[in-house]
Amino acid sequence: MKALAKGYTRLIEGLATLAGLIIAAVCLLIVWDVIARNLGMQPPASTVALTEYALLYFTMAAAPWLVRTRGHIIVEVLHARLGPASRSIVDKLILAICLIVSVIVCVLATILMVEAWQRGEVEIRSLNMPRWLLFGPLAVGFGLMATEFLRLAIRGEAVADPQQTKEQL
């Protein structure tokens with residue numbers, strides 16, 4: 001069981017690292033596009049499309065890690081002002097809602113991904129891309145986020161990072 005947990009942690013951290021690498025690659029692509037234009041060269045035709053696809057991929061790759069590290073958005077000003085009993089109830093409610101929404105989006109994205117794959121749909125832009133590759137990151141990202149929200153709920157952990165909340169007050 002510890003090996004599975006360790007492998008899962010490596011997956012989450014590896015996806016976060018991949019997200020950072022994708023961001024760096026997009027920055028380099030944009031820099032090359034600007035340099036090429038200014039030098040009168042032909043810039044890559046697919047810079048905009050690749051940047052848009054990268055936004056989806058790095059967001060979904062980093063999202064589970066953000067949930068794990070409690071980097072997701074929460075109105076901590078209100079959350080920190082609640083009493084311990086109220087905060088516990090609100091935490092459970094927030095985790096339940098997040099878990100349900102993540103599972104629903106994961107299931108829908110998986111259904112759309114399978115349908116797009118079966119039909120052989122292609123996203124035609126400056127770069128032709130199989131449409132299922134657009135739904136795949138959503139299915140994986142929201143599936144892993146659901147797992148992270150479930151992990152927080154099972155452990156009874158707070159939605160907000162208690163250490164960070166103390167520092168902000």
# chains A, B, ... in the order shown; residues from 1 in each chain; ligands from 1
>>> residues_around(residues="Ile104 (chain A)", least_positions_apart="2", cutoff="12 Å", atoms="only C-alpha atoms", output="VMD selection string")
chain A and resid 97 to 102 106 to 111 138 to 139 142 to 143 145 to 146
>>> write_last_selection(atoms="all heavy atoms", output="tab-separated table (two decimals), in the first residue's frame")
chain	number	residue	atom	x	y	z
A	97	ILE	N	-18.74	18.97	-2.20
A	97	ILE	CA	-19.13	19.65	-3.44
A	97	ILE	C	-18.02	19.52	-4.48
A	97	ILE	O	-18.27	19.19	-5.64
A	97	ILE	CB	-19.48	21.14	-3.18
A	97	ILE	CG1	-20.77	21.24	-2.37
A	97	ILE	CG2	-19.61	21.91	-4.49
A	97	ILE	CD1	-21.06	22.62	-1.82
A	98	CYS	N	-16.78	19.78	-4.05
A	98	CYS	CA	-15.64	19.68	-4.98
A	98	CYS	C	-15.49	18.27	-5.52
A	98	CYS	O	-15.21	18.07	-6.71
A	98	CYS	CB	-14.36	20.12	-4.28
A	98	CYS	SG	-14.28	21.87	-3.92
A	99	LEU	N	-15.67	17.28	-4.66
A	99	LEU	CA	-15.56	15.88	-5.08
A	99	LEU	C	-16.64	15.54	-6.10
A	99	LEU	O	-16.35	14.96	-7.15
A	99	LEU	CB	-15.65	14.97	-3.86
A	99	LEU	CG	-15.63	13.46	-4.13
A	99	LEU	CD1	-14.33	13.06	-4.81
A	99	LEU	CD2	-15.83	12.69	-2.84
A	100	ILE	N	-17.87	15.92	-5.82
A	100	ILE	CA	-18.98	15.62	-6.72
A	100	ILE	C	-18.78	16.30	-8.07
A	100	ILE	O	-18.94	15.66	-9.12
A	100	ILE	CB	-20.33	16.03	-6.08
A	100	ILE	CG1	-20.65	15.10	-4.91
A	100	ILE	CG2	-21.46	16.02	-7.10
A	100	ILE	CD1	-21.78	15.59	-4.01
A	101	VAL	N	-18.43	17.58	-8.06
A	101	VAL	CA	-18.23	18.30	-9.32
A	101	VAL	C	-17.07	17.69	-10.10
A	101	VAL	O	-17.16	17.49	-11.32
A	101	VAL	CB	-17.99	19.81	-9.06
A	101	VAL	CG1	-17.52	20.51	-10.31
A	101	VAL	CG2	-19.26	20.45	-8.52
A	102	SER	N	-15.98	17.35	-9.42
A	102	SER	CA	-14.83	16.75	-10.10
A	102	SER	C	-15.17	15.41	-10.73
A	102	SER	O	-14.76	15.12	-11.86
A	102	SER	CB	-13.65	16.58	-9.12
A	102	SER	OG	-13.19	17.82	-8.68
A	106	CYS	N	-15.17	14.68	-14.69
A	106	CYS	CA	-14.32	13.57	-15.14
A	106	CYS	C	-15.12	12.58	-15.98
A	106	CYS	O	-14.66	12.16	-17.05
A	106	CYS	CB	-13.70	12.87	-13.93
A	106	CYS	SG	-12.75	11.39	-14.34
A	107	VAL	N	-16.29	12.21	-15.50
A	107	VAL	CA	-17.14	11.25	-16.24
A	107	VAL	C	-17.56	11.83	-17.59
A	107	VAL	O	-17.47	11.16	-18.62
A	107	VAL	CB	-18.37	10.84	-15.40
A	107	VAL	CG1	-19.38	10.08	-16.23
A	107	VAL	CG2	-17.92	10.01	-14.20
A	108	LEU	N	-18.01	13.08	-17.60
A	108	LEU	CA	-18.43	13.71	-18.86
A	108	LEU	C	-17.26	13.82	-19.85
A	108	LEU	O	-17.41	13.54	-21.04
A	108	LEU	CB	-19.04	15.08	-18.61
A	108	LEU	CG	-20.39	15.09	-17.90
A	108	LEU	CD1	-20.82	16.52	-17.58
A	108	LEU	CD2	-21.45	14.38	-18.73
A	109	ALA	N	-16.10	14.23	-19.35
A	109	ALA	CA	-14.92	14.35	-20.22
A	109	ALA	C	-14.51	12.98	-20.76
A	109	ALA	O	-14.11	12.86	-21.92
A	109	ALA	CB	-13.76	15.00	-19.47
A	110	THR	N	-14.62	11.96	-19.93
A	110	THR	CA	-14.29	10.60	-20.38
A	110	THR	C	-15.25	10.15	-21.47
A	110	THR	O	-14.83	9.57	-22.48
A	110	THR	CB	-14.31	9.62	-19.20
A	110	THR	OG1	-13.37	10.07	-18.21
A	110	THR	CG2	-13.95	8.21	-19.64
A	111	ILE	N	-16.53	10.40	-21.28
A	111	ILE	CA	-17.54	10.04	-22.29
A	111	ILE	C	-17.25	10.78	-23.60
A	111	ILE	O	-17.24	10.16	-24.68
A	111	ILE	CB	-18.97	10.35	-21.79
A	111	ILE	CG1	-19.34	9.40	-20.66
A	111	ILE	CG2	-19.98	10.27	-22.94
A	111	ILE	CD1	-20.60	9.80	-19.90
A	138	LEU	N	-8.72	16.67	-19.44
A	138	LEU	CA	-9.83	16.99	-18.53
A	138	LEU	C	-10.22	15.77	-17.70
A	138	LEU	O	-10.42	15.87	-16.49
A	138	LEU	CB	-11.04	17.51	-19.31
A	138	LEU	CG	-10.89	18.87	-19.96
A	138	LEU	CD1	-12.05	19.14	-20.91
A	138	LEU	CD2	-10.80	19.95	-18.91
A	139	ALA	N	-10.32	14.63	-18.36
A	139	ALA	CA	-10.69	13.40	-17.66
A	139	ALA	C	-9.64	13.04	-16.62
A	139	ALA	O	-9.97	12.75	-15.46
A	139	ALA	CB	-10.86	12.25	-18.67
A	142	PHE	N	-9.39	16.05	-13.75
A	142	PHE	CA	-10.51	16.07	-12.81
A	142	PHE	C	-10.61	14.76	-12.04
A	142	PHE	O	-11.03	14.75	-10.88
A	142	PHE	CB	-11.82	16.41	-13.51
A	142	PHE	CG	-12.01	17.89	-13.70
A	142	PHE	CD1	-11.67	18.49	-14.90
A	142	PHE	CD2	-12.48	18.68	-12.66
A	142	PHE	CE1	-11.82	19.87	-15.07
A	142	PHE	CE2	-12.64	20.05	-12.83
A	142	PHE	CZ	-12.31	20.64	-14.03
A	143	GLY	N	-10.21	13.65	-12.65
A	143	GLY	CA	-10.18	12.38	-11.92
A	143	GLY	C	-9.18	12.42	-10.78
A	143	GLY	O	-9.47	11.99	-9.66
A	145	MET	N	-8.03	15.19	-9.38
A	145	MET	CA	-8.51	16.16	-8.40
A	145	MET	C	-9.57	15.53	-7.49
A	145	MET	O	-9.56	15.76	-6.28
A	145	MET	CB	-9.10	17.40	-9.09
A	145	MET	CG	-8.05	18.37	-9.57
A	145	MET	SD	-8.74	19.95	-10.09
A	145	MET	CE	-9.53	19.50	-11.64
A	146	ALA	N	-10.46	14.73	-8.06
A	146	ALA	CA	-11.46	14.03	-7.24
A	146	ALA	C	-10.77	13.13	-6.22
A	146	ALA	O	-11.17	13.08	-5.05
A	146	ALA	CB	-12.40	13.21	-8.13
>>> select_by_dssp(residues="chain A", states="strand (DSSP E)", output="list in words")
Val122, Glu123, Met129 and Pro130 of chain A
>>> write_last_selection(atoms="C-alpha atoms", output="compact mmCIF listing (two decimals), in the first residue's frame")
# COMPACT_ATOMS: atom_id res chain seq x y z
CA VAL A 122 -10.19 15.93 -35.56
CA GLU A 123 -9.82 19.50 -34.35
CA MET A 129 -5.23 17.39 -33.54
CA PRO A 130 -7.41 14.42 -32.62
>>> residues_around(residues="Pro44 (chain A)", least_positions_apart="4", cutoff="9 Å", atoms="only C-alpha atoms", output="NGL selection string")
:A and (29 or 32-33 or 36)
>>> atom_distance(atom1="CA of Phe149 (chain A)", atom2="CA of Ile12 (chain A)")
13.2 Å
>>> residues_around(residues="region 19-23 of chain A", least_positions_apart="2", cutoff="10 Å", atoms="only C-alpha atoms", output="ChimeraX atom specification")
/A:13-17,25-29,51,54-63
>>> select_by_dssp(residues="region 16-162 of chain A", states="helix (DSSP H, G or I)", output="ChimeraX atom specification")
/A:16-38,47-68,76-81,84-119,132-155,162
>>> closest_residue(among="A:Arg68, A:Arg37, A:Arg125, A:Arg81", to="Glu52 (chain A)", atoms="only C-alpha atoms")
A:Arg125
>>> closest_residue(among="A:Ala24, A:Leu4, A:Leu112, A:Ile94", to="Gly136 (chain A)", atoms="only C-alpha atoms")
A:Leu112
>>> atom_distance(atom1="CA of Lys92 (chain A)", atom2="CA of Ala153 (chain A)")
6.7 Å
>>> atom_distance(atom1="CA of Pro43 (chain A)", atom2="CA of Ile30 (chain A)")
9.6 Å
>>> closest_residue(among="A:Glu121, A:Asp91, A:Glu115, A:Leu127", to="Tyr53 (chain A)", atoms="only C-alpha atoms")
A:Leu127
>>> closest_residue(among="A:Gly156, A:Pro137, A:Gly40, A:Gly120", to="Leu93 (chain A)", atoms="only C-alpha atoms")
A:Gly156
